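Peer 1: Just passing along the structure, written as structure tokens.
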Amino acid sequence: MFDEKIYAERRDKLKASVKNGIILLPGNEETGMNYKDNIYHFRQDSTFLYFTGIDRPALSLIIDVDNNTEVLFGNDLTVEEMVWMGPQQKLTAFAAKAGIKNIQPVSAIATVLKNAVQQKQAVHFIAPYRAEIALQLSEWLNITPGQLQQHSSASLVKAVIAQRSYKSIEEISEIEKAVDITAAMHLKAIQFAQAGMKEFEVAAQLECIAAASGGSLAFPTILTVNGQYLHNHAGGNILQSGQMVLCDAGAENAMHYAGDMTRTFPVDKKFTQQQKDIYSIVLHAHESAIAALRPGVPFRDVHVIACEKLTAGLQQLGLIKGNVKEAVQAGAHTLFFQCGLGHMMGLDVHDMENLGEENVGYSNSITKSKAFGFKSLRLGKELEEGFVLTVEPGIYIIPELIDQWQAEKKLIDFINYEKLNSLFRNFGGIRVEEDFIITATGSRLLGKPLAKSIAAIEALRGG
């Protein structure tokens, strides 16, 4: 946990932003995998964690803005529970570290909320993403689960985003720890993978590194020889000579801050010339996007810069025709780059995604597009000092998408379908991803640098 003053200051700022009523922040519960007592790895709700730092299940926090009080609701283990779990610190000790003085049992929260409603106090809560929390809120507030989204608090969501978007010095330090672990995972993948191995054999090595650091995975590892599919998790495919491995993996450190990186490397010791050609295009787009990062620049514009660099490179290979800017404006690049350039990162790998992409990544002046490719851009608004984000351009050659577009004669003035099918149809995909913080004058790479040039990757492969 951070110093208790940090959590107290965060809650004071939240109260000042919300201004009135009651703020209800439920923590997460333990959830059974295949029966009640065989539980998934516990992961605390990130917003609850941000305002309390308390990483244990079955807790809720109520902040009464009108009366300037804070109450943590939870139960200590009974002796019978200790038989199974062993003794744990009392809840009072956790509360003290969070700067919270008032503790009540879980059973008291229903009465507190009922009284607040009777006194016509507004109850601010965030729409839940877990079914068990939805049912609990439904019971406490006497509304159906289907009405929770309608009754959730827009003002609380905005207030939380306004705080969590800007990373403090303490948070940046934790994020860099997570990114360094993430880099170690990728280094292991690049050096360990060999022809004849299965994808999950390599992915297992990465999970070991994350767990050995005292944390866990930030998200299920994407490690695949089918890198053309954007979120293709590690499976039983066998690595074969001539293929590439796309590895998108991240660690979550002990304080639950995330790292998120991608590297693409050959199964052999060296890339083929065709793989080098595409990799060079992606890396140039990556570096061009990084150079554009600075406060005041809409990330949507940085995304467009990357799209134009990708398109220009594909044009040189004869896969795209015509004017580059016109091709991007028409969406020709989305046959090859179907997703967004990056996203916010922090306590969540896609930071605050449960609060809504449009709330987190966009603003009144910059709204989210509904066009293919652009609609997958999670972050579009103007960058500000203190934002932490990923930059992850890629080229993904998806045969099924090619067939659909070609059958529809889509954008035939810009796309050379004949050459694409004859030379690149089964190419696969390449992505390069790193994590950055926006500074006063530009950006800074987070964590220790990891090989990303063709020569550096090949050196790690022993080529």
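Order determines the names: the first chain of the structure tokens is A, the second B, and so forth; residues in each chain are numbered 1 upward, and ligands are numbered 1 upward as they are shown.
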Do a neighbour search on segment 71-78 of chain A at 7 Å with only C-alpha atoms, toss out local chain neighbours closer than 3 positions, and write the hits as a list of chain:residue names.
Peer 2: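 After dropping sequence-adjacent residues, the list is A:Ala58, A:Leu59, A:Ser60, A:Leu61, A:Ile62, A:Ile63, A:Glu81, A:Met82, A:Lys90, A:Leu91, A:Asn102, A:Ile103, A:Gln104, A:Pro105, A:Val106, A:Ile109.
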Peer 1: Could you turn the residues from that selection into a file that holds N, CA and C atoms, as a PDB file, in the first residue's frame?
Peer 2:
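Output (out-v2.pdb):
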```pdb
ATOM      1  N   ALA A  58     -14.709  -9.021  -0.140  1.00  0.00           N
ATOM      2  CA  ALA A  58     -15.931  -8.824   0.644  1.00  0.00           C
ATOM      3  C   ALA A  58     -15.896  -7.553   1.491  1.00  0.00           C
ATOM      4  N   LEU A  59     -15.486  -6.460   0.888  1.00  0.00           N
ATOM      5  CA  LEU A  59     -15.465  -5.165   1.557  1.00  0.00           C
ATOM      6  C   LEU A  59     -16.239  -4.153   0.729  1.00  0.00           C
ATOM      7  N   SER A  60     -16.765  -3.134   1.399  1.00  0.00           N
ATOM      8  CA  SER A  60     -17.394  -2.008   0.704  1.00  0.00           C
ATOM      9  C   SER A  60     -17.063  -0.730   1.461  1.00  0.00           C
ATOM     10  N   LEU A  61     -16.989   0.355   0.707  1.00  0.00           N
ATOM     11  CA  LEU A  61     -16.722   1.653   1.315  1.00  0.00           C
ATOM     12  C   LEU A  61     -17.874   2.590   1.008  1.00  0.00           C
ATOM     13  N   ILE A  62     -18.349   3.278   2.045  1.00  0.00           N
ATOM     14  CA  ILE A  62     -19.330   4.345   1.853  1.00  0.00           C
ATOM     15  C   ILE A  62     -18.707   5.657   2.298  1.00  0.00           C
ATOM     16  N   ILE A  63     -18.738   6.620   1.387  1.00  0.00           N
ATOM     17  CA  ILE A  63     -18.274   7.971   1.690  1.00  0.00           C
ATOM     18  C   ILE A  63     -19.497   8.872   1.690  1.00  0.00           C
ATOM     19  N   GLU A  81     -13.160 -20.001  10.254  1.00  0.00           N
ATOM     20  CA  GLU A  81     -12.571 -19.660   8.956  1.00  0.00           C
ATOM     21  C   GLU A  81     -11.046 -19.694   9.011  1.00  0.00           C
ATOM     22  N   MET A  82     -10.489 -19.332  10.190  1.00  0.00           N
ATOM     23  CA  MET A  82      -9.041 -19.364  10.345  1.00  0.00           C
ATOM     24  C   MET A  82      -8.493 -20.786  10.276  1.00  0.00           C
ATOM     25  N   LYS A  90      -6.220  -7.957  11.332  1.00  0.00           N
ATOM     26  CA  LYS A  90      -7.563  -7.440  11.565  1.00  0.00           C
ATOM     27  C   LYS A  90      -7.879  -6.344  10.538  1.00  0.00           C
ATOM     28  N   LEU A  91      -9.155  -6.193  10.276  1.00  0.00           N
ATOM     29  CA  LEU A  91      -9.589  -5.175   9.329  1.00  0.00           C
ATOM     30  C   LEU A  91      -9.184  -3.772   9.796  1.00  0.00           C
ATOM     31  N   ASN A 102     -13.545   4.472  10.731  1.00  0.00           N
ATOM     32  CA  ASN A 102     -14.837   3.870  11.079  1.00  0.00           C
ATOM     33  C   ASN A 102     -15.023   2.553  10.332  1.00  0.00           C
ATOM     34  N   ILE A 103     -15.226   1.471  11.063  1.00  0.00           N
ATOM     35  CA  ILE A 103     -15.449   0.144  10.481  1.00  0.00           C
ATOM     36  C   ILE A 103     -16.750  -0.429  11.021  1.00  0.00           C
ATOM     37  N   GLN A 104     -17.550  -0.998  10.139  1.00  0.00           N
ATOM     38  CA  GLN A 104     -18.780  -1.668  10.547  1.00  0.00           C
ATOM     39  C   GLN A 104     -18.898  -3.003   9.832  1.00  0.00           C
ATOM     40  N   PRO A 105     -19.671  -3.935  10.403  1.00  0.00           N
ATOM     41  CA  PRO A 105     -19.839  -5.237   9.745  1.00  0.00           C
ATOM     42  C   PRO A 105     -20.616  -5.112   8.443  1.00  0.00           C
ATOM     43  N   VAL A 106     -20.444  -6.090   7.567  1.00  0.00           N
ATOM     44  CA  VAL A 106     -21.129  -6.080   6.279  1.00  0.00           C
ATOM     45  C   VAL A 106     -22.635  -5.987   6.444  1.00  0.00           C
ATOM     46  N   ILE A 109     -24.554  -2.477   6.238  1.00  0.00           N
ATOM     47  CA  ILE A 109     -24.575  -1.588   5.081  1.00  0.00           C
ATOM     48  C   ILE A 109     -25.978  -1.389   4.521  1.00  0.00           C
TER      49      ILE A 109
END
```
Peer 1: With only C-alpha atoms as the counted atoms, please give the residues lying no more than 8 Å from Asp55 of chain A, apart from itself and same-chain residues fewer than 4 positions off, as a list in words.
Peer 2: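 The residues that qualify are Arg43, Gln44 and Leu49 of chain A.
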Peer 1: Considering only C-alpha atoms, give me a table of residues in segment 137-242 of chain A that are at most 12 Å from segment 339-353 of chain A, with the closest atom pair and distance in Å for each, as CSV.
Peer 2:
```
residue,atom,partner,partner_atom,distance
A:Val157,CA,A:Met352,CA,9.7
A:Lys158,CA,A:Met352,CA,11.1
A:Val160,CA,A:Met352,CA,9.0
A:Ile161,CA,A:Met352,CA,7.4
A:Ala162,CA,A:Met352,CA,10.9
A:Gln163,CA,A:Met352,CA,11.0
A:Arg164,CA,A:Met352,CA,8.1
A:Ser165,CA,A:Met344,CA,7.9
A:Tyr166,CA,A:Gly346,CA,9.6
A:Lys167,CA,A:Gly346,CA,7.9
A:Ser168,CA,A:Gly346,CA,10.7
A:Glu170,CA,A:Gly346,CA,11.8
A:Glu171,CA,A:Gly346,CA,8.0
A:Ile172,CA,A:Gly346,CA,8.7
A:Ser173,CA,A:Gly346,CA,11.2
A:Glu174,CA,A:Gly346,CA,9.2
A:Ile175,CA,A:Gly346,CA,6.8
A:Glu176,CA,A:Gly346,CA,10.3
A:Lys177,CA,A:Gly346,CA,11.8
A:Ala178,CA,A:Gly346,CA,9.9
A:Val179,CA,A:Gly346,CA,10.7
A:Thr182,CA,A:Val349,CA,12.0
A:Leu217,CA,A:Val349,CA,10.0
A:Ala218,CA,A:Val349,CA,6.3
A:Phe219,CA,A:Val349,CA,7.4
A:Pro220,CA,A:Val349,CA,11.0
A:Gln228,CA,A:Cys339,CA,11.6
A:Tyr229,CA,A:Cys339,CA,10.8
A:Leu230,CA,A:Cys339,CA,8.2
A:His231,CA,A:Cys339,CA,10.8
```
Peer 1: How would you write, as a list in words, the set of residues in segment 25-174 of chain A that DSSP gives as strand (DSSP E)?
Peer 2: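 Here is the list: Leu25, Pro26, Gly32, Met33, Asn34, Tyr35, Asn38, Ile39, Ser60, Leu61, Ile62, Ile63, Asp64, Thr69, Glu70, Val71, Leu72, Phe73, Asn102, Ile103, Gln104, Val123 and His124 of chain A.
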Peer 1: Could the residues in this selection be written to a file with N, CA and C atoms, as a CSV table (one decimal), in the first residue's frame?
Peer 2:
```
chain,number,residue,atom,x,y,z
A,25,LEU,N,-18.7,2.4,-2.9
A,25,LEU,CA,-17.7,1.7,-3.7
A,25,LEU,C,-17.6,0.3,-3.2
A,26,PRO,N,-18.2,-0.7,-3.8
A,26,PRO,CA,-18.1,-2.1,-3.4
A,26,PRO,C,-16.8,-2.7,-3.9
A,32,GLY,N,-16.3,-18.6,-7.3
A,32,GLY,CA,-16.0,-20.0,-7.6
A,32,GLY,C,-15.8,-20.3,-9.1
A,33,MET,N,-14.8,-21.2,-9.3
A,33,MET,CA,-14.5,-21.6,-10.7
A,33,MET,C,-15.6,-22.7,-11.2
A,34,ASN,N,-15.5,-23.8,-10.5
A,34,ASN,CA,-16.5,-24.9,-10.8
A,34,ASN,C,-17.3,-25.3,-9.6
A,35,TYR,N,-17.0,-24.8,-8.5
A,35,TYR,CA,-17.9,-24.9,-7.3
A,35,TYR,C,-17.4,-23.8,-6.3
A,38,ASN,N,-13.8,-23.6,-4.6
A,38,ASN,CA,-12.7,-23.7,-5.5
A,38,ASN,C,-12.6,-22.4,-6.3
A,39,ILE,N,-12.0,-21.4,-5.8
A,39,ILE,CA,-12.1,-20.0,-6.3
A,39,ILE,C,-11.1,-19.6,-7.3
A,60,SER,N,-16.8,-3.1,1.4
A,60,SER,CA,-17.4,-2.0,0.7
A,60,SER,C,-17.1,-0.7,1.5
A,61,LEU,N,-17.0,0.4,0.7
A,61,LEU,CA,-16.7,1.7,1.3
A,61,LEU,C,-17.9,2.6,1.0
A,62,ILE,N,-18.3,3.3,2.0
A,62,ILE,CA,-19.3,4.3,1.9
A,62,ILE,C,-18.7,5.7,2.3
A,63,ILE,N,-18.7,6.6,1.4
A,63,ILE,CA,-18.3,8.0,1.7
A,63,ILE,C,-19.5,8.9,1.7
A,64,ASP,N,-19.8,9.4,2.8
A,64,ASP,CA,-21.0,10.3,3.0
A,64,ASP,C,-20.5,11.7,2.8
A,69,THR,N,-18.2,11.8,6.3
A,69,THR,CA,-17.8,10.6,7.0
A,69,THR,C,-17.4,9.5,6.0
A,70,GLU,N,-16.6,8.6,6.5
A,70,GLU,CA,-16.2,7.4,5.7
A,70,GLU,C,-16.4,6.1,6.5
A,71,VAL,N,-17.0,5.1,6.0
A,71,VAL,CA,-17.2,3.9,6.7
A,71,VAL,C,-16.8,2.7,5.8
A,72,LEU,N,-15.9,1.8,6.3
A,72,LEU,CA,-15.5,0.6,5.7
A,72,LEU,C,-16.3,-0.5,6.2
A,73,PHE,N,-17.0,-1.3,5.4
A,73,PHE,CA,-17.8,-2.4,5.8
A,73,PHE,C,-17.1,-3.7,5.5
A,102,ASN,N,-13.5,4.5,10.7
A,102,ASN,CA,-14.8,3.9,11.1
A,102,ASN,C,-15.0,2.6,10.3
A,103,ILE,N,-15.2,1.5,11.1
A,103,ILE,CA,-15.4,0.1,10.5
A,103,ILE,C,-16.7,-0.4,11.0
A,104,GLN,N,-17.5,-1.0,10.1
A,104,GLN,CA,-18.8,-1.7,10.5
A,104,GLN,C,-18.9,-3.0,9.8
A,123,VAL,N,-27.4,8.4,-4.0
A,123,VAL,CA,-26.5,7.3,-3.8
A,123,VAL,C,-25.7,7.1,-5.1
A,124,HIS,N,-24.5,7.5,-5.1
A,124,HIS,CA,-23.6,7.4,-6.3
A,124,HIS,C,-22.9,6.0,-6.3
```
Peer 1: When distances are computed from only C-alpha atoms, which of A:Thr52, A:Asn20, A:Gln119, A:Gln194 shows the smallest separation from Ser153 of chain A?
Peer 2: A:Asn20
Peer 1: Name the residues in contact with Leu411 of chain A at a cut-off of 9 Å, using only C-alpha atoms, excluding same-chain residues fewer than 2 positions from it; report them as a ChimeraX atom specification.
Peer 2: /A:327,330-332,405-406,408-409,413-415
Peer 1: I need the residues of segment 188-393 of chain A that end up classed as alpha helix (DSSP H) by DSSP on the backbone, written out as a PyMOL selection string.
Peer 2: chain A and resi 188-192+199-212+273-291+299-316+324-330+357-361
